Amino acid sequence: WLGDFGGEIPYDPGVLELARSAMSVFEDLGCVVEEARPDFAFAPLWRAFLTLRHWHNAGLLPFYEDLAQRAKLPETAIYEIERGLKLTAYDVAAASQTRTLWHQALARFHERYDFWALPTAQCFAFPAEARGASEIVGRAMTTYHEWMQSAVPATMAGAPALALPAGFDAHGRAMGVQLVGRVQDEAGVLALARAYDEATRWPYRRPPDALSA
């Protein structure tokens, strides 16, 4: 259980507790659950993620240069392209090196652990028109996707990962946990996820409000 990555990833109240409660299911299935994290700081991983995301999205440059097409692009795409255009080859190389170091840290981590888990999101669902959380526990989000930092460790790992339901808060809002395995161990992740699904049957449950409607 990675939790909040040693306090480096912020979560709204109740998210960690609800997601952490799902670990008891794995214990009932015979797993040993421990709170741990790879020996790696989150901040450089986040910066490398941003650089690589900008770089990849800069591939949309032909649409950006065509003013008629640019008018059809969402603001988030323009944001990514414009930042990608400011990158140098050195920036991308440095981000790639950080990702390699992250892979190495995870390889050491997996010498002890078969899987790791953390919440799927840093906040509960918000109104659709908000298009993202503006702050989490009083911390202003500086990008349109900073509230999704919890997905970065698995994304940068290039490892098999999936989301499992963990339950509902007092307002009927759902939260889940990411289950992540070793690189190329898709079969292991799917097998454990299936056991979790059979034990919980979450897809057949509904939040309290839905039951009383």
# chains A, B, ... in the order shown; residues from 1 in each chain; ligands from 1

call {"tool": "closest_atom_pairs", "arguments": {"of": "range 156-179 of chain A", "to": "range 86-103 of chain A", "cutoff": "9 Å", "atoms": "only C-alpha atoms", "output": "CSV"}}
result
residue,atom,partner,partner_atom,distance
A:Met156,CA,A:Arg99,CA,6.4
A:Ala157,CA,A:His103,CA,6.0
A:Gly158,CA,A:His103,CA,8.6

call {"tool": "select_by_dssp", "arguments": {"residues": "range 18-119 of chain A", "states": "strand (DSSP E or B)", "output": "list of chain:residue names"}}
result
A:Phe115, A:Trp116, A:Ala117, A:Leu118, A:Pro119

call {"tool": "closest_atom_pairs", "arguments": {"of": "range 43-66 of chain A", "to": "range 131-155 of chain A", "cutoff": "12 Å", "atoms": "only C-alpha atoms", "output": "tab-separated table"}}
result
residue	atom	partner	partner_atom	distance
A:Ala43	CA	A:Gln149	CA	10.3
A:Pro44	CA	A:Pro153	CA	11.2
A:Leu45	CA	A:Pro153	CA	7.6
A:Trp46	CA	A:Val152	CA	6.9
A:Arg47	CA	A:Val152	CA	10.3
A:Ala48	CA	A:Val152	CA	9.9
A:Phe49	CA	A:Val152	CA	7.1
A:Leu50	CA	A:Val152	CA	9.6
A:Leu52	CA	A:Thr155	CA	11.2
A:Arg53	CA	A:Thr155	CA	10.9

call {"tool": "closest_residue", "arguments": {"among": "A:Arg83, A:Lys72, A:Arg112, A:His54", "to": "Val32 in chain A", "atoms": "only C-alpha atoms"}}
result
A:Arg112

call {"tool": "closest_residue", "arguments": {"among": "A:Val25, A:Ala125, A:Ala36, A:Ala130", "to": "Phe168 in chain A", "atoms": "only C-alpha atoms"}}
result
A:Ala125

call {"tool": "closest_residue", "arguments": {"among": "A:Ala105, A:Leu29, A:Ala166, A:Ala58", "to": "Ile81 in chain A", "atoms": "only C-alpha atoms"}}
result
A:Ala58

call {"tool": "residues_around", "arguments": {"residues": "Phe115 in chain A", "least_positions_apart": "4", "cutoff": "7 Å", "atoms": "only C-alpha atoms", "output": "PyMOL selection string"}}
result
chain A and resi 179-182

call {"tool": "write_last_selection", "arguments": {"atoms": "N, CA, C and O atoms", "output": "PDB file, in the first residue's frame"}}
result
ATOM      1  N   LEU A 179      -4.441  -1.170  -8.788  1.00  0.00           N
ATOM      2  CA  LEU A 179      -3.628  -2.357  -8.512  1.00  0.00           C
ATOM      3  C   LEU A 179      -2.575  -2.430  -9.605  1.00  0.00           C
ATOM      4  O   LEU A 179      -2.903  -2.477 -10.792  1.00  0.00           O
ATOM      5  N   VAL A 180      -1.313  -2.418  -9.215  1.00  0.00           N
ATOM      6  CA  VAL A 180      -0.204  -2.372 -10.177  1.00  0.00           C
ATOM      7  C   VAL A 180       0.730  -3.543  -9.914  1.00  0.00           C
ATOM      8  O   VAL A 180       1.030  -3.870  -8.763  1.00  0.00           O
ATOM      9  N   GLY A 181       1.183  -4.174 -11.000  1.00  0.00           N
ATOM     10  CA  GLY A 181       2.082  -5.315 -10.870  1.00  0.00           C
ATOM     11  C   GLY A 181       3.414  -5.081 -11.552  1.00  0.00           C
ATOM     12  O   GLY A 181       3.699  -3.986 -12.042  1.00  0.00           O
ATOM     13  N   ARG A 182       4.207  -6.122 -11.585  1.00  0.00           N
ATOM     14  CA  ARG A 182       5.493  -6.048 -12.266  1.00  0.00           C
ATOM     15  C   ARG A 182       5.299  -5.868 -13.771  1.00  0.00           C
ATOM     16  O   ARG A 182       4.275  -6.270 -14.330  1.00  0.00           O
TER      17      ARG A 182
END

call {"tool": "residues_around", "arguments": {"residues": "Tyr113 in chain A", "least_positions_apart": "3", "cutoff": "12 Å", "atoms": "only C-alpha atoms", "output": "number ranges by chain"}}
result
A: 1-2, 31-38, 106-110, 116-117, 180-182

call {"tool": "write_last_selection", "arguments": {"atoms": "N, CA, C and O atoms", "output": "CSV table (one decimal), in the first residue's frame"}}
result
chain,number,residue,atom,x,y,z
A,1,TRP,N,0.9,-1.2,0.0
A,1,TRP,CA,0.0,0.0,0.0
A,1,TRP,C,0.9,1.2,0.0
A,1,TRP,O,1.6,1.5,0.9
A,2,LEU,N,0.8,2.0,-1.1
A,2,LEU,CA,1.7,3.2,-1.2
A,2,LEU,C,1.0,4.4,-0.6
A,2,LEU,O,1.7,5.4,-0.2
A,31,CYS,N,-3.2,-12.4,1.0
A,31,CYS,CA,-2.1,-11.5,0.8
A,31,CYS,C,-1.6,-10.9,2.1
A,31,CYS,O,-2.3,-10.7,3.0
A,32,VAL,N,-0.3,-10.6,2.1
A,32,VAL,CA,0.3,-9.8,3.2
A,32,VAL,C,0.4,-8.4,2.7
A,32,VAL,O,1.0,-8.1,1.7
A,33,VAL,N,-0.3,-7.5,3.4
A,33,VAL,CA,-0.3,-6.1,3.0
A,33,VAL,C,0.5,-5.3,4.0
A,33,VAL,O,0.4,-5.3,5.2
A,34,GLU,N,1.4,-4.5,3.4
A,34,GLU,CA,2.3,-3.6,4.2
A,34,GLU,C,2.3,-2.2,3.6
A,34,GLU,O,2.1,-2.0,2.4
A,35,GLU,N,2.5,-1.2,4.4
A,35,GLU,CA,2.6,0.2,4.0
A,35,GLU,C,4.1,0.4,3.6
A,35,GLU,O,5.0,0.3,4.4
A,36,ALA,N,4.3,0.8,2.4
A,36,ALA,CA,5.7,1.0,1.9
A,36,ALA,C,5.6,1.8,0.6
A,36,ALA,O,4.6,2.1,0.1
A,37,ARG,N,6.8,2.2,0.2
A,37,ARG,CA,6.9,3.0,-1.0
A,37,ARG,C,8.3,2.8,-1.6
A,37,ARG,O,9.3,2.5,-0.9
A,38,PRO,N,8.4,2.9,-2.9
A,38,PRO,CA,9.8,2.8,-3.5
A,38,PRO,C,10.7,3.9,-3.0
A,38,PRO,O,10.2,5.0,-2.6
A,106,LEU,N,11.7,0.7,-9.0
A,106,LEU,CA,10.6,-0.3,-8.9
A,106,LEU,C,11.1,-1.7,-8.9
A,106,LEU,O,10.5,-2.6,-8.3
A,107,ALA,N,12.1,-2.0,-9.7
A,107,ALA,CA,12.7,-3.3,-9.8
A,107,ALA,C,13.2,-3.7,-8.4
A,107,ALA,O,13.0,-4.9,-8.0
A,108,ARG,N,13.8,-2.8,-7.7
A,108,ARG,CA,14.3,-3.1,-6.3
A,108,ARG,C,13.1,-3.3,-5.4
A,108,ARG,O,13.1,-4.2,-4.5
A,109,PHE,N,12.0,-2.5,-5.6
A,109,PHE,CA,10.8,-2.6,-4.8
A,109,PHE,C,10.1,-4.0,-5.0
A,109,PHE,O,9.7,-4.6,-4.0
A,110,HIS,N,10.1,-4.4,-6.2
A,110,HIS,CA,9.5,-5.7,-6.5
A,110,HIS,C,10.3,-6.9,-6.1
A,110,HIS,O,9.8,-8.0,-6.2
A,116,TRP,N,1.5,-3.4,-5.9
A,116,TRP,CA,1.3,-2.2,-5.1
A,116,TRP,C,0.0,-1.5,-5.5
A,116,TRP,O,-0.5,-1.7,-6.5
A,117,ALA,N,-0.5,-0.8,-4.5
A,117,ALA,CA,-1.8,-0.1,-4.7
A,117,ALA,C,-1.8,1.3,-4.1
A,117,ALA,O,-1.1,1.6,-3.1
A,180,VAL,N,-1.3,-2.4,-9.2
A,180,VAL,CA,-0.2,-2.4,-10.2
A,180,VAL,C,0.7,-3.5,-9.9
A,180,VAL,O,1.0,-3.9,-8.8
A,181,GLY,N,1.2,-4.2,-11.0
A,181,GLY,CA,2.1,-5.3,-10.9
A,181,GLY,C,3.4,-5.1,-11.6
A,181,GLY,O,3.7,-4.0,-12.0
A,182,ARG,N,4.2,-6.1,-11.6
A,182,ARG,CA,5.5,-6.0,-12.3
A,182,ARG,C,5.3,-5.9,-13.8
A,182,ARG,O,4.3,-6.3,-14.3

call {"tool": "closest_residue", "arguments": {"among": "A:Pro127, A:Pro13, A:Gly188, A:Gly6", "to": "Phe40 in chain A", "atoms": "only C-alpha atoms"}}
result
A:Gly6

call {"tool": "atom_distance", "arguments": {"atom1": "CA of Val177 in chain A", "atom2": "CA of Ala77 in chain A"}}
result
27.8 Å

call {"tool": "select_by_dssp", "arguments": {"residues": "range 12-149 of chain A", "states": "alpha helix (DSSP H)", "output": "PyMOL selection string"}}
result
chain A and resi 15-21+23-28+42-57+61-65+67-70+75-84+89-109

call {"tool": "residues_around", "arguments": {"residues": "Arg194 in chain A", "least_positions_apart": "4", "cutoff": "12 Å", "atoms": "only C-alpha atoms", "output": "JSON, numbers by chain"}}
result
{"A": [26, 29, 162, 163, 164, 179, 187, 188, 189, 190, 198, 199, 200, 201, 202]}

call {"tool": "decode", "arguments": {"residues": "range 62-75 of chain A", "atoms": "all heavy atoms", "output": "mmCIF file, in the first residue's frame"}}
result
data_model
loop_
_atom_site.group_PDB
_atom_site.id
_atom_site.type_symbol
_atom_site.label_atom_id
_atom_site.label_comp_id
_atom_site.auth_asym_id
_atom_site.auth_seq_id
_atom_site.Cartn_x
_atom_site.Cartn_y
_atom_site.Cartn_z
ATOM 1 N N PRO A 62 0.989 20.018 -36.352
ATOM 2 C CA PRO A 62 0.338 20.385 -37.631
ATOM 3 C C PRO A 62 -1.061 20.963 -37.434
ATOM 4 O O PRO A 62 -1.474 21.868 -38.163
ATOM 5 C CB PRO A 62 0.292 19.055 -38.386
ATOM 6 C CG PRO A 62 1.464 18.289 -37.846
ATOM 7 C CD PRO A 62 1.498 18.640 -36.385
ATOM 8 N N PHE A 63 -1.797 20.453 -36.444
ATOM 9 C CA PHE A 63 -3.135 20.982 -36.170
ATOM 10 C C PHE A 63 -3.053 22.353 -35.515
ATOM 11 O O PHE A 63 -3.922 23.207 -35.710
ATOM 12 C CB PHE A 63 -3.908 20.017 -35.259
ATOM 13 C CG PHE A 63 -4.119 18.657 -35.855
ATOM 14 C CD1 PHE A 63 -3.279 17.604 -35.541
ATOM 15 C CD2 PHE A 63 -5.158 18.439 -36.751
ATOM 16 C CE1 PHE A 63 -3.481 16.346 -36.085
ATOM 17 C CE2 PHE A 63 -5.364 17.199 -37.320
ATOM 18 C CZ PHE A 63 -4.517 16.141 -36.981
ATOM 19 N N TYR A 64 -2.018 22.575 -34.737
ATOM 20 C CA TYR A 64 -1.814 23.846 -34.056
ATOM 21 C C TYR A 64 -1.424 24.935 -35.053
ATOM 22 O O TYR A 64 -1.874 26.080 -34.957
ATOM 23 C CB TYR A 64 -0.733 23.683 -32.988
ATOM 24 C CG TYR A 64 -0.401 24.930 -32.214
ATOM 25 C CD1 TYR A 64 -1.176 25.339 -31.130
ATOM 26 C CD2 TYR A 64 0.713 25.699 -32.564
ATOM 27 C CE1 TYR A 64 -0.860 26.487 -30.413
ATOM 28 C CE2 TYR A 64 1.038 26.847 -31.846
ATOM 29 C CZ TYR A 64 0.247 27.235 -30.779
ATOM 30 O OH TYR A 64 0.567 28.367 -30.068
ATOM 31 N N GLU A 65 -0.592 24.588 -36.024
ATOM 32 C CA GLU A 65 -0.127 25.566 -37.011
ATOM 33 C C GLU A 65 -1.219 25.961 -37.987
ATOM 34 O O GLU A 65 -1.180 27.051 -38.550
ATOM 35 C CB GLU A 65 1.083 24.997 -37.751
ATOM 36 C CG GLU A 65 2.322 24.860 -36.860
ATOM 37 C CD GLU A 65 3.498 24.259 -37.608
ATOM 38 O OE1 GLU A 65 3.263 23.407 -38.504
ATOM 39 O OE2 GLU A 65 4.631 24.622 -37.305
ATOM 40 N N ASP A 66 -2.179 25.080 -38.219
ATOM 41 C CA ASP A 66 -3.322 25.385 -39.073
ATOM 42 C C ASP A 66 -4.354 26.115 -38.209
ATOM 43 O O ASP A 66 -4.980 25.526 -37.332
ATOM 44 C CB ASP A 66 -3.913 24.081 -39.625
ATOM 45 C CG ASP A 66 -5.048 24.322 -40.606
ATOM 46 O OD1 ASP A 66 -5.842 25.263 -40.398
ATOM 47 O OD2 ASP A 66 -5.158 23.555 -41.582
ATOM 48 N N LEU A 67 -4.533 27.400 -38.427
ATOM 49 C CA LEU A 67 -5.392 28.201 -37.561
ATOM 50 C C LEU A 67 -6.828 27.698 -37.530
ATOM 51 O O LEU A 67 -7.492 27.754 -36.484
ATOM 52 C CB LEU A 67 -5.364 29.670 -37.997
ATOM 53 C CG LEU A 67 -4.000 30.368 -37.875
ATOM 54 C CD1 LEU A 67 -4.127 31.827 -38.291
ATOM 55 C CD2 LEU A 67 -3.479 30.263 -36.451
ATOM 56 N N ALA A 68 -7.301 27.178 -38.641
ATOM 57 C CA ALA A 68 -8.672 26.654 -38.673
ATOM 58 C C ALA A 68 -8.792 25.422 -37.783
ATOM 59 O O ALA A 68 -9.787 25.239 -37.066
ATOM 60 C CB ALA A 68 -9.074 26.319 -40.107
ATOM 61 N N GLN A 69 -7.750 24.571 -37.823
ATOM 62 C CA GLN A 69 -7.748 23.376 -36.986
ATOM 63 C C GLN A 69 -7.501 23.735 -35.518
ATOM 64 O O GLN A 69 -8.073 23.124 -34.614
ATOM 65 C CB GLN A 69 -6.673 22.392 -37.475
ATOM 66 C CG GLN A 69 -6.937 21.788 -38.836
ATOM 67 C CD GLN A 69 -8.167 20.893 -38.835
ATOM 68 O OE1 GLN A 69 -8.482 20.249 -37.856
ATOM 69 N NE2 GLN A 69 -8.871 20.874 -39.962
ATOM 70 N N ARG A 70 -6.653 24.729 -35.298
ATOM 71 C CA ARG A 70 -6.355 25.124 -33.916
ATOM 72 C C ARG A 70 -7.616 25.554 -33.187
ATOM 73 O O ARG A 70 -7.780 25.314 -31.989
ATOM 74 C CB ARG A 70 -5.336 26.257 -33.885
ATOM 75 C CG ARG A 70 -4.889 26.616 -32.469
ATOM 76 C CD ARG A 70 -4.074 27.888 -32.413
ATOM 77 N NE ARG A 70 -2.886 27.867 -33.258
ATOM 78 C CZ ARG A 70 -2.006 28.846 -33.342
ATOM 79 N NH1 ARG A 70 -2.204 29.959 -32.622
ATOM 80 N NH2 ARG A 70 -0.956 28.772 -34.143
ATOM 81 N N ALA A 71 -8.512 26.208 -33.916
ATOM 82 C CA ALA A 71 -9.752 26.682 -33.303
ATOM 83 C C ALA A 71 -10.609 25.529 -32.776
ATOM 84 O O ALA A 71 -11.468 25.731 -31.912
ATOM 85 C CB ALA A 71 -10.551 27.500 -34.315
ATOM 86 N N LYS A 72 -10.355 24.340 -33.293
ATOM 87 C CA LYS A 72 -11.128 23.167 -32.860
ATOM 88 C C LYS A 72 -10.455 22.423 -31.703
ATOM 89 O O LYS A 72 -11.054 21.516 -31.117
ATOM 90 C CB LYS A 72 -11.305 22.200 -34.038
ATOM 91 C CG LYS A 72 -12.008 22.810 -35.239
ATOM 92 C CD LYS A 72 -12.065 21.818 -36.390
ATOM 93 C CE LYS A 72 -12.684 22.431 -37.636
ATOM 94 N NZ LYS A 72 -12.699 21.476 -38.775
ATOM 95 N N LEU A 73 -9.211 22.778 -31.395
ATOM 96 C CA LEU A 73 -8.486 22.090 -30.332
ATOM 97 C C LEU A 73 -8.958 22.557 -28.957
ATOM 98 O O LEU A 73 -9.208 23.747 -28.764
ATOM 99 C CB LEU A 73 -6.983 22.349 -30.453
ATOM 100 C CG LEU A 73 -6.257 21.727 -31.653
ATOM 101 C CD1 LEU A 73 -4.803 22.197 -31.673
ATOM 102 C CD2 LEU A 73 -6.315 20.207 -31.592
ATOM 103 N N PRO A 74 -9.070 21.653 -27.998
ATOM 104 C CA PRO A 74 -9.406 22.080 -26.633
ATOM 105 C C PRO A 74 -8.247 22.860 -26.019
ATOM 106 O O PRO A 74 -7.090 22.721 -26.445
ATOM 107 C CB PRO A 74 -9.645 20.758 -25.898
ATOM 108 C CG PRO A 74 -8.864 19.750 -26.676
ATOM 109 C CD PRO A 74 -8.932 20.184 -28.104
ATOM 110 N N GLU A 75 -8.543 23.667 -25.036
ATOM 111 C CA GLU A 75 -7.519 24.480 -24.389
ATOM 112 C C GLU A 75 -6.405 23.610 -23.811
ATOM 113 O O GLU A 75 -5.236 24.011 -23.813
ATOM 114 C CB GLU A 75 -8.143 25.322 -23.274
ATOM 115 C CG GLU A 75 -9.075 26.411 -23.771
ATOM 116 C CD GLU A 75 -9.652 27.223 -22.622
ATOM 117 O OE1 GLU A 75 -9.232 26.988 -21.471
ATOM 118 O OE2 GLU A 75 -10.520 28.074 -22.874
#
